[in-house]
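Containing mmCIF, C-alpha atoms, pLDDT in the B column; chains and numbers go by the auth columns: entry.cif.
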data_run
loop_
_atom_site.group_PDB
_atom_site.id
_atom_site.type_symbol
_atom_site.label_atom_id
_atom_site.label_comp_id
_atom_site.label_asym_id
_atom_site.label_seq_id
_atom_site.Cartn_x
_atom_site.Cartn_y
_atom_site.Cartn_z
_atom_site.B_iso_or_equiv
_atom_site.auth_seq_id
_atom_site.auth_asym_id
ATOM 1 C CA ASP A 1 -33.264 13.714 -134.350 53.00 1 A
ATOM 2 C CA THR A 2 -32.797 16.140 -131.480 74.00 2 A
ATOM 3 C CA GLY A 3 -29.196 15.481 -130.563 91.00 3 A
ATOM 4 C CA VAL A 4 -26.903 13.073 -128.792 95.00 4 A
ATOM 5 C CA SER A 5 -28.546 11.050 -126.059 96.00 5 A
ATOM 6 C CA GLN A 6 -26.974 9.049 -123.268 97.00 6 A
ATOM 7 C CA ASP A 7 -28.400 6.475 -120.956 97.00 7 A
ATOM 8 C CA PRO A 8 -28.503 6.320 -118.010 97.00 8 A
ATOM 9 C CA ARG A 9 -28.055 9.882 -116.819 95.00 9 A
ATOM 10 C CA HIS A 10 -26.915 8.752 -113.392 96.00 10 A
ATOM 11 C CA LYS A 11 -25.495 5.481 -112.150 97.00 11 A
ATOM 12 C CA ILE A 12 -24.545 4.545 -108.612 98.00 12 A
ATOM 13 C CA THR A 13 -22.719 1.280 -108.234 98.00 13 A
ATOM 14 C CA LYS A 14 -20.686 -0.573 -105.667 97.00 14 A
ATOM 15 C CA ARG A 15 -16.978 -1.029 -106.139 97.00 15 A
ATOM 16 C CA GLY A 16 -16.208 -4.151 -108.116 97.00 16 A
ATOM 17 C CA GLN A 17 -19.436 -4.152 -110.124 98.00 17 A
ATOM 18 C CA ASN A 18 -19.589 -3.810 -113.902 98.00 18 A
ATOM 19 C CA VAL A 19 -21.447 -0.944 -115.539 98.00 19 A
ATOM 20 C CA THR A 20 -22.429 -0.223 -119.131 98.00 20 A
ATOM 21 C CA PHE A 21 -23.376 3.115 -120.625 98.00 21 A
ATOM 22 C CA ARG A 22 -25.055 3.768 -123.936 98.00 22 A
ATOM 23 C CA CYS A 23 -24.702 6.652 -126.363 98.00 23 A
ATOM 24 C CA ASP A 24 -26.927 7.376 -129.346 97.00 24 A
ATOM 25 C CA PRO A 25 -25.270 9.899 -131.664 96.00 25 A
ATOM 26 C CA ILE A 26 -26.889 12.259 -134.122 93.00 26 A
ATOM 27 C CA SER A 27 -28.024 9.914 -136.860 90.00 27 A
ATOM 28 C CA GLU A 28 -25.994 11.196 -139.791 85.00 28 A
ATOM 29 C CA HIS A 29 -22.769 11.559 -137.795 90.00 29 A
ATOM 30 C CA ASN A 30 -20.173 8.907 -138.458 89.00 30 A
ATOM 31 C CA ARG A 31 -17.712 9.860 -135.692 91.00 31 A
ATOM 32 C CA LEU A 32 -18.405 9.095 -132.057 94.00 32 A
ATOM 33 C CA TYR A 33 -16.241 10.031 -129.091 93.00 33 A
ATOM 34 C CA TRP A 34 -16.129 9.120 -125.421 95.00 34 A
ATOM 35 C CA TYR A 35 -14.701 11.465 -122.805 94.00 35 A
ATOM 36 C CA ARG A 36 -14.400 11.401 -119.052 95.00 36 A
ATOM 37 C CA GLN A 37 -14.767 14.550 -116.999 94.00 37 A
ATOM 38 C CA THR A 38 -13.963 14.880 -113.321 92.00 38 A
ATOM 39 C CA LEU A 39 -14.858 17.839 -111.143 87.00 39 A
ATOM 40 C CA GLY A 40 -12.959 20.979 -112.056 85.00 40 A
ATOM 41 C CA GLN A 41 -11.397 19.476 -115.156 88.00 41 A
ATOM 42 C CA GLY A 42 -12.016 19.617 -118.853 90.00 42 A
ATOM 43 C CA PRO A 43 -13.153 16.520 -120.711 91.00 43 A
ATOM 44 C CA GLU A 44 -10.395 13.936 -121.153 91.00 44 A
ATOM 45 C CA PHE A 45 -10.433 11.935 -124.342 90.00 45 A
ATOM 46 C CA LEU A 46 -10.982 8.183 -123.952 94.00 46 A
ATOM 47 C CA THR A 47 -11.638 6.802 -127.414 94.00 47 A
ATOM 48 C CA TYR A 48 -13.307 7.483 -130.734 90.00 48 A
ATOM 49 C CA PHE A 49 -14.956 5.616 -133.572 93.00 49 A
ATOM 50 C CA GLN A 50 -15.194 6.320 -137.257 91.00 50 A
ATOM 51 C CA ASN A 51 -18.328 4.367 -138.130 91.00 51 A
ATOM 52 C CA GLU A 52 -17.813 0.978 -136.437 92.00 52 A
ATOM 53 C CA ALA A 53 -14.013 1.170 -136.335 92.00 53 A
ATOM 54 C CA GLN A 54 -12.358 2.196 -133.078 92.00 54 A
ATOM 55 C CA LEU A 55 -9.524 4.366 -134.329 89.00 55 A
ATOM 56 C CA GLU A 56 -7.845 5.634 -131.197 86.00 56 A
ATOM 57 C CA LYS A 57 -7.734 4.789 -127.514 88.00 57 A
ATOM 58 C CA SER A 58 -6.260 6.931 -124.786 88.00 58 A
ATOM 59 C CA ARG A 59 -3.815 5.591 -122.255 84.00 59 A
ATOM 60 C CA LEU A 60 -6.513 6.513 -119.737 79.00 60 A
ATOM 61 C CA LEU A 61 -8.542 3.621 -121.080 83.00 61 A
ATOM 62 C CA SER A 62 -7.315 0.748 -118.948 87.00 62 A
ATOM 63 C CA ASP A 63 -8.045 -2.911 -119.666 91.00 63 A
ATOM 64 C CA ARG A 64 -11.156 -2.609 -117.517 95.00 64 A
ATOM 65 C CA PHE A 65 -12.701 -0.252 -120.059 95.00 65 A
ATOM 66 C CA SER A 66 -14.114 -1.388 -123.364 95.00 66 A
ATOM 67 C CA ALA A 67 -16.111 0.468 -125.962 96.00 67 A
ATOM 68 C CA GLU A 68 -18.025 -0.828 -128.928 96.00 68 A
ATOM 69 C CA ARG A 69 -19.967 0.560 -131.817 95.00 69 A
ATOM 70 C CA PRO A 70 -21.041 -2.611 -133.576 90.00 70 A
ATOM 71 C CA LYS A 71 -23.204 -1.213 -136.359 87.00 71 A
ATOM 72 C CA GLY A 72 -21.728 2.222 -136.609 85.00 72 A
ATOM 73 C CA SER A 73 -24.697 3.780 -134.859 91.00 73 A
ATOM 74 C CA PHE A 74 -25.035 3.650 -131.059 96.00 74 A
ATOM 75 C CA SER A 75 -22.063 2.906 -128.846 97.00 75 A
ATOM 76 C CA THR A 76 -21.588 1.313 -125.447 97.00 76 A
ATOM 77 C CA LEU A 77 -18.876 1.923 -122.878 97.00 77 A
ATOM 78 C CA GLU A 78 -18.379 -0.817 -120.314 97.00 78 A
ATOM 79 C CA ILE A 79 -16.334 -0.538 -117.154 97.00 79 A
ATOM 80 C CA GLN A 80 -15.528 -3.795 -115.430 97.00 80 A
ATOM 81 C CA ARG A 81 -14.647 -4.161 -111.757 97.00 81 A
ATOM 82 C CA THR A 82 -15.348 -0.506 -111.049 97.00 82 A
ATOM 83 C CA GLU A 83 -13.098 1.421 -108.684 96.00 83 A
ATOM 84 C CA GLN A 84 -13.810 4.597 -106.752 95.00 84 A
ATOM 85 C CA GLY A 85 -11.464 6.464 -109.059 94.00 85 A
ATOM 86 C CA ASP A 86 -13.842 5.700 -111.924 96.00 86 A
ATOM 87 C CA SER A 87 -16.387 8.105 -110.441 97.00 87 A
ATOM 88 C CA ALA A 88 -16.801 10.831 -113.045 96.00 88 A
ATOM 89 C CA MET A 89 -19.067 12.195 -115.738 95.00 89 A
ATOM 90 C CA TYR A 90 -18.816 10.151 -118.926 97.00 90 A
ATOM 91 C CA LEU A 91 -19.540 12.248 -121.976 95.00 91 A
ATOM 92 C CA CYS A 92 -20.326 11.082 -125.468 96.00 92 A
ATOM 93 C CA ALA A 93 -20.057 13.299 -128.531 94.00 93 A
ATOM 94 C CA SER A 94 -20.610 12.844 -132.227 92.00 94 A
ATOM 95 C CA SER A 95 -19.426 14.745 -135.248 88.00 95 A
ATOM 96 C CA PRO A 96 -20.044 14.609 -138.971 84.00 96 A
ATOM 97 C CA GLY A 97 -16.463 13.508 -139.596 70.00 97 A
ATOM 98 C CA THR A 98 -16.020 15.593 -142.749 62.00 98 A
ATOM 99 C CA SER A 99 -12.443 16.695 -143.262 57.00 99 A
ATOM 100 C CA GLY A 100 -11.383 19.874 -141.522 57.00 100 A
ATOM 101 C CA ARG A 101 -14.399 20.630 -139.408 60.00 101 A
ATOM 102 C CA ILE A 102 -14.846 18.191 -136.568 68.00 102 A
ATOM 103 C CA GLU A 103 -16.997 20.162 -134.189 79.00 103 A
ATOM 104 C CA GLN A 104 -18.515 17.809 -131.717 86.00 104 A
ATOM 105 C CA TYR A 105 -22.023 17.702 -130.384 89.00 105 A
ATOM 106 C CA PHE A 106 -22.192 16.439 -126.842 92.00 106 A
ATOM 107 C CA GLY A 107 -24.768 14.426 -124.990 94.00 107 A
ATOM 108 C CA PRO A 108 -25.833 15.310 -121.435 93.00 108 A
ATOM 109 C CA GLY A 109 -23.441 12.780 -119.927 94.00 109 A
ATOM 110 C CA THR A 110 -23.728 9.840 -117.562 96.00 110 A
ATOM 111 C CA ARG A 111 -22.645 10.590 -114.019 96.00 111 A
ATOM 112 C CA LEU A 112 -21.083 7.521 -112.403 97.00 112 A
ATOM 113 C CA THR A 113 -20.665 7.263 -108.656 97.00 113 A
ATOM 114 C CA VAL A 114 -18.757 4.274 -107.328 97.00 114 A
ATOM 115 C CA THR A 115 -19.295 3.675 -103.612 96.00 115 A
ATOM 116 C CA GLY B 1 0.497 15.784 -127.384 64.00 1 B
ATOM 117 C CA GLU B 2 -1.546 18.934 -127.494 72.00 2 B
ATOM 118 C CA ASP B 3 -1.556 21.182 -124.439 85.00 3 B
ATOM 119 C CA VAL B 4 -4.320 23.742 -123.945 89.00 4 B
ATOM 120 C CA GLU B 5 -4.250 26.238 -121.083 91.00 5 B
ATOM 121 C CA GLN B 6 -6.884 28.567 -119.710 93.00 6 B
ATOM 122 C CA SER B 7 -7.284 30.699 -116.634 89.00 7 B
ATOM 123 C CA LEU B 8 -9.594 29.138 -114.065 91.00 8 B
ATOM 124 C CA PHE B 9 -11.931 31.930 -113.110 95.00 9 B
ATOM 125 C CA LEU B 10 -13.355 35.227 -114.346 96.00 10 B
ATOM 126 C CA SER B 11 -15.817 37.475 -112.585 97.00 11 B
ATOM 127 C CA VAL B 12 -17.596 40.337 -114.378 97.00 12 B
ATOM 128 C CA ARG B 13 -20.548 42.611 -113.735 97.00 13 B
ATOM 129 C CA GLU B 14 -23.695 42.197 -115.775 97.00 14 B
ATOM 130 C CA GLY B 15 -23.521 44.388 -118.856 97.00 15 B
ATOM 131 C CA ASP B 16 -19.720 44.449 -118.983 97.00 16 B
ATOM 132 C CA SER B 17 -17.635 42.568 -121.537 97.00 17 B
ATOM 133 C CA SER B 18 -15.957 39.276 -120.654 97.00 18 B
ATOM 134 C CA VAL B 19 -12.729 38.094 -122.238 97.00 19 B
ATOM 135 C CA ILE B 20 -11.701 34.476 -121.810 97.00 20 B
ATOM 136 C CA ASN B 21 -8.225 33.510 -122.960 96.00 21 B
ATOM 137 C CA CYS B 22 -6.655 30.272 -124.133 94.00 22 B
ATOM 138 C CA THR B 23 -3.187 29.257 -125.269 94.00 23 B
ATOM 139 C CA TYR B 24 -2.337 26.066 -127.115 91.00 24 B
ATOM 140 C CA THR B 25 0.726 24.289 -128.431 88.00 25 B
ATOM 141 C CA ASP B 26 -0.304 22.583 -131.676 76.00 26 B
ATOM 142 C CA SER B 27 -0.509 24.851 -134.699 66.00 27 B
ATOM 143 C CA SER B 28 -1.857 22.348 -137.221 76.00 28 B
ATOM 144 C CA SER B 29 -5.538 22.533 -136.311 77.00 29 B
ATOM 145 C CA THR B 30 -7.777 23.796 -139.093 81.00 30 B
ATOM 146 C CA TYR B 31 -10.485 24.989 -136.738 85.00 31 B
ATOM 147 C CA LEU B 32 -10.520 25.952 -133.073 89.00 32 B
ATOM 148 C CA TYR B 33 -13.611 25.862 -130.918 91.00 33 B
ATOM 149 C CA TRP B 34 -15.264 27.343 -127.873 94.00 34 B
ATOM 150 C CA TYR B 35 -17.710 25.304 -125.826 94.00 35 B
ATOM 151 C CA LYS B 36 -19.961 26.285 -122.936 95.00 36 B
ATOM 152 C CA GLN B 37 -20.926 23.994 -120.070 94.00 37 B
ATOM 153 C CA GLU B 38 -23.667 24.857 -117.621 91.00 38 B
ATOM 154 C CA PRO B 39 -23.841 23.048 -114.251 85.00 39 B
ATOM 155 C CA GLY B 40 -24.703 19.375 -114.589 79.00 40 B
ATOM 156 C CA ALA B 41 -24.983 19.558 -118.365 82.00 41 B
ATOM 157 C CA GLY B 42 -22.967 18.435 -121.352 84.00 42 B
ATOM 158 C CA LEU B 43 -20.929 20.771 -123.490 90.00 43 B
ATOM 159 C CA GLN B 44 -22.584 23.085 -125.971 91.00 44 B
ATOM 160 C CA LEU B 45 -20.697 24.231 -129.045 90.00 45 B
ATOM 161 C CA LEU B 46 -20.650 28.032 -128.949 93.00 46 B
ATOM 162 C CA THR B 47 -18.566 29.059 -131.907 92.00 47 B
ATOM 163 C CA TYR B 48 -15.479 28.212 -133.902 90.00 48 B
ATOM 164 C CA ILE B 49 -12.850 29.993 -135.953 92.00 49 B
ATOM 165 C CA PHE B 50 -11.026 28.831 -139.052 89.00 50 B
ATOM 166 C CA SER B 51 -7.284 28.852 -138.476 86.00 51 B
ATOM 167 C CA ASN B 52 -6.548 31.303 -141.289 87.00 52 B
ATOM 168 C CA MET B 53 -8.841 33.935 -139.775 88.00 53 B
ATOM 169 C CA ASP B 54 -7.887 36.532 -137.178 92.00 54 B
ATOM 170 C CA MET B 55 -11.350 37.334 -135.968 94.00 55 B
ATOM 171 C CA LYS B 56 -14.865 36.043 -136.146 94.00 56 B
ATOM 172 C CA GLN B 57 -17.932 37.802 -134.810 94.00 57 B
ATOM 173 C CA ASP B 58 -21.181 36.032 -134.019 91.00 58 B
ATOM 174 C CA GLN B 59 -23.769 38.293 -132.357 94.00 59 B
ATOM 175 C CA ARG B 60 -22.414 39.003 -128.843 96.00 60 B
ATOM 176 C CA LEU B 61 -19.455 36.674 -129.322 96.00 61 B
ATOM 177 C CA THR B 62 -16.122 37.676 -130.838 97.00 62 B
ATOM 178 C CA VAL B 63 -13.343 35.150 -131.314 96.00 63 B
ATOM 179 C CA LEU B 64 -9.802 36.415 -131.790 96.00 64 B
ATOM 180 C CA LEU B 65 -6.995 34.177 -132.989 94.00 65 B
ATOM 181 C CA ASN B 66 -3.306 35.035 -132.839 93.00 66 B
ATOM 182 C CA LYS B 67 -1.798 32.099 -134.630 90.00 67 B
ATOM 183 C CA LYS B 68 1.764 33.303 -134.199 90.00 68 B
ATOM 184 C CA ASP B 69 1.400 33.381 -130.403 92.00 69 B
ATOM 185 C CA LYS B 70 -1.010 30.409 -130.390 91.00 70 B
ATOM 186 C CA HIS B 71 -3.496 32.471 -128.442 94.00 71 B
ATOM 187 C CA LEU B 72 -7.264 32.264 -128.750 94.00 72 B
ATOM 188 C CA SER B 73 -9.752 34.474 -126.963 96.00 73 B
ATOM 189 C CA LEU B 74 -13.506 34.686 -126.609 97.00 74 B
ATOM 190 C CA ARG B 75 -15.111 38.039 -125.937 97.00 75 B
ATOM 191 C CA ILE B 76 -18.708 38.179 -124.744 97.00 76 B
ATOM 192 C CA ALA B 77 -20.255 41.607 -125.098 97.00 77 B
ATOM 193 C CA ASP B 78 -22.971 42.815 -122.708 97.00 78 B
ATOM 194 C CA THR B 79 -22.503 39.799 -120.455 97.00 79 B
ATOM 195 C CA GLN B 80 -25.737 38.475 -118.966 96.00 80 B
ATOM 196 C CA THR B 81 -26.371 36.302 -115.907 95.00 81 B
ATOM 197 C CA GLY B 82 -27.313 33.502 -118.290 94.00 82 B
ATOM 198 C CA ASP B 83 -23.749 33.537 -119.554 96.00 83 B
ATOM 199 C CA SER B 84 -22.544 32.186 -116.192 96.00 84 B
ATOM 200 C CA ALA B 85 -20.969 28.839 -117.049 96.00 85 B
ATOM 201 C CA ILE B 86 -17.652 27.152 -117.690 96.00 86 B
ATOM 202 C CA TYR B 87 -16.090 27.926 -121.050 97.00 87 B
ATOM 203 C CA PHE B 88 -13.744 25.485 -122.732 95.00 88 B
ATOM 204 C CA CYS B 89 -11.298 26.165 -125.487 92.00 89 B
ATOM 205 C CA ALA B 90 -10.906 23.094 -127.724 90.00 90 B
ATOM 206 C CA VAL B 91 -8.155 22.325 -130.196 86.00 91 B
ATOM 207 C CA PRO B 92 -8.684 19.397 -132.556 78.00 92 B
ATOM 208 C CA ASP B 93 -6.041 17.039 -133.744 69.00 93 B
ATOM 209 C CA GLN B 94 -7.440 13.615 -134.551 62.00 94 B
ATOM 210 C CA LYS B 95 -9.258 13.846 -131.260 71.00 95 B
ATOM 211 C CA VAL B 96 -10.060 17.094 -129.489 78.00 96 B
ATOM 212 C CA THR B 97 -8.045 18.433 -126.576 85.00 97 B
ATOM 213 C CA PHE B 98 -9.916 20.623 -124.144 89.00 98 B
ATOM 214 C CA GLY B 99 -8.588 23.213 -121.773 89.00 99 B
ATOM 215 C CA ILE B 100 -9.385 22.971 -118.074 90.00 100 B
ATOM 216 C CA GLY B 101 -12.185 25.481 -118.499 94.00 101 B
ATOM 217 C CA THR B 102 -12.734 29.044 -117.318 96.00 102 B
ATOM 218 C CA LYS B 103 -15.567 29.557 -114.890 96.00 103 B
ATOM 219 C CA LEU B 104 -17.362 32.784 -115.704 96.00 104 B
ATOM 220 C CA GLN B 105 -19.280 34.356 -112.858 96.00 105 B
ATOM 221 C CA VAL B 106 -21.623 37.206 -113.757 96.00 106 B
ATOM 222 C CA ILE B 107 -22.518 39.513 -110.901 94.00 107 B
ATOM 223 C CA PRO B 108 -25.961 41.141 -111.232 91.00 108 B
#
Take the structure in this file and express it as structure tokens.
Amino acid sequence: DTGVSQDPRHKITKRGQNVTFRCDPISEHNRLYWYRQTLGQGPEFLTYFQNEAQLEKSRLLSDRFSAERPKGSFSTLEIQRTEQGDSAMYLCASSPGTSGRIEQYFGPGTRLTVT
Amino acid sequence: GEDVEQSLFLSVREGDSSVINCTYTDSSSTYLYWYKQEPGAGLQLLTYIFSNMDMKQDQRLTVLLNKKDKHLSLRIADTQTGDSAIYFCAVPDQKVTFGIGTKLQVIP
């Protein structure tokens, strides 16, 4: 396993369309995180999973956003009825989840452009 | 919630040392982290420091932690052009709060 992978790397969509992104974490990691990063900003936390359980959701995650991790392995992030303000880099990270150390290993990101 | 602050920009000459600073508000984190992001790429974990340490050295990288002042710094010795990137300080709670990032420009 070479690291966290994300698919697609780039997505261009028209406003109002739905999009879905996939993240495959490092296989032995049981925590998975989604972040959004806009130009000139640090990553903003969206949500995270401990195995298949979604433990926390940011207020940034509106009702149009939904994330799943059905088997505790890969995760999907869906955005419904996309808006131009959704244009950003969506980053996925995983971590071992052992107590204390929660360093995260990031994927390359999915860049979303809403036109 | 956690608040993490960093300066936006740092410019150094190749071969000089770079010092990137970060201040945070939450003092309960067991570890604090530095990440590096190159253009168009995800974040790469650079190093971390345990909260009961004052200093950690890792090759050209030195992390200093002043827990009383809630101040974290990253020193890069002999800065190279390949070190040009954005550097993020990260403070974990249940999630991880990132600073805005410091863009390091290395002038040849």
Task: Nearest-residue call for Glu2 in chain B, choices B:Tyr24, B:Tyr31, B:Phe88, B:Tyr48, using only C-alpha atoms - done: B:Tyr24
Open item on the list: Rounded to one decimal, what separation in Å do you get between CA of His71 in chain B and CA of Ser17 in chain B?
Closed with: 18.7 Å
TODO: At a cut-off of 8 Å, list the chain A residues touching chain B, using all atoms listed in the file, as a PyMOL selection string.
DONE: chain A and resi 40-45+48+91+100-109
Task: Hits from the PyMOL selection byres ((chain A and resi 54-59) around 9), listed as a list in words - done: Glu44, Phe45, Leu46, Thr47, Tyr48, Phe49, Gln50, Asn51, Glu52, Ala53, Leu60, Leu61, Ser62, Ala67, Glu68 and Arg69 of chain A; Gln94 and Lys95 of chain B
For those residues, write C-alpha atoms to a file as a short mmCIF file (atom, residue, chain, number, x, y, z; two decimals), in the frame of the given file.
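Saved result, selection_33.cif, follows:
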data_model
loop_
_atom_site.label_atom_id
_atom_site.label_comp_id
_atom_site.auth_asym_id
_atom_site.auth_seq_id
_atom_site.Cartn_x
_atom_site.Cartn_y
_atom_site.Cartn_z
CA GLU A 44 -10.40 13.94 -121.15
CA PHE A 45 -10.43 11.94 -124.34
CA LEU A 46 -10.98 8.18 -123.95
CA THR A 47 -11.64 6.80 -127.41
CA TYR A 48 -13.31 7.48 -130.73
CA PHE A 49 -14.96 5.62 -133.57
CA GLN A 50 -15.19 6.32 -137.26
CA ASN A 51 -18.33 4.37 -138.13
CA GLU A 52 -17.81 0.98 -136.44
CA ALA A 53 -14.01 1.17 -136.34
CA LEU A 60 -6.51 6.51 -119.74
CA LEU A 61 -8.54 3.62 -121.08
CA SER A 62 -7.32 0.75 -118.95
CA ALA A 67 -16.11 0.47 -125.96
CA GLU A 68 -18.02 -0.83 -128.93
CA ARG A 69 -19.97 0.56 -131.82
CA GLN B 94 -7.44 13.62 -134.55
CA LYS B 95 -9.26 13.85 -131.26
#
Task: Expansion of the PyMOL selection byres ((chain B and resi 63) around 7) into residues, as a PyMOL selection string - done: chain B and resi 49+55-57+61-62+64-65+73-75
- [ ] Excluding Thr20 in chain A and residues on its chain fewer than 6 positions from it, collect all residues at most 12 Å away from it, counting only C-alpha atoms, and give them as a ChimeraX atom specification.
- [x] /A:6-13,64-68,75-82,90,110-112
Restricting the output to C-alpha atoms, write the selected residues as a JSON list (two decimals), in the coordinates of the input.
[["chain", "number", "residue", "atom", "x", "y", "z"],
["A", 6, "GLN", "CA", -26.97, 9.05, -123.27],
["A", 7, "ASP", "CA", -28.40, 6.48, -120.96],
["A", 8, "PRO", "CA", -28.50, 6.32, -118.01],
["A", 9, "ARG", "CA", -28.06, 9.88, -116.82],
["A", 10, "HIS", "CA", -26.92, 8.75, -113.39],
["A", 11, "LYS", "CA", -25.50, 5.48, -112.15],
["A", 12, "ILE", "CA", -24.54, 4.54, -108.61],
["A", 13, "THR", "CA", -22.72, 1.28, -108.23],
["A", 64, "ARG", "CA", -11.16, -2.61, -117.52],
["A", 65, "PHE", "CA", -12.70, -0.25, -120.06],
["A", 66, "SER", "CA", -14.11, -1.39, -123.36],
["A", 67, "ALA", "CA", -16.11, 0.47, -125.96],
["A", 68, "GLU", "CA", -18.02, -0.83, -128.93],
["A", 75, "SER", "CA", -22.06, 2.91, -128.85],
["A", 76, "THR", "CA", -21.59, 1.31, -125.45],
["A", 77, "LEU", "CA", -18.88, 1.92, -122.88],
["A", 78, "GLU", "CA", -18.38, -0.82, -120.31],
["A", 79, "ILE", "CA", -16.33, -0.54, -117.15],
["A", 80, "GLN", "CA", -15.53, -3.80, -115.43],
["A", 81, "ARG", "CA", -14.65, -4.16, -111.76],
["A", 82, "THR", "CA", -15.35, -0.51, -111.05],
["A", 90, "TYR", "CA", -18.82, 10.15, -118.93],
["A", 110, "THR", "CA", -23.73, 9.84, -117.56],
["A", 111, "ARG", "CA", -22.64, 10.59, -114.02],
["A", 112, "LEU", "CA", -21.08, 7.52, -112.40]]
Task: Pick from A:Gln37, A:Ser27, A:Ser95, A:Thr115 nearest to Phe74 in chain A, counting only C-alpha atoms - done: A:Ser27
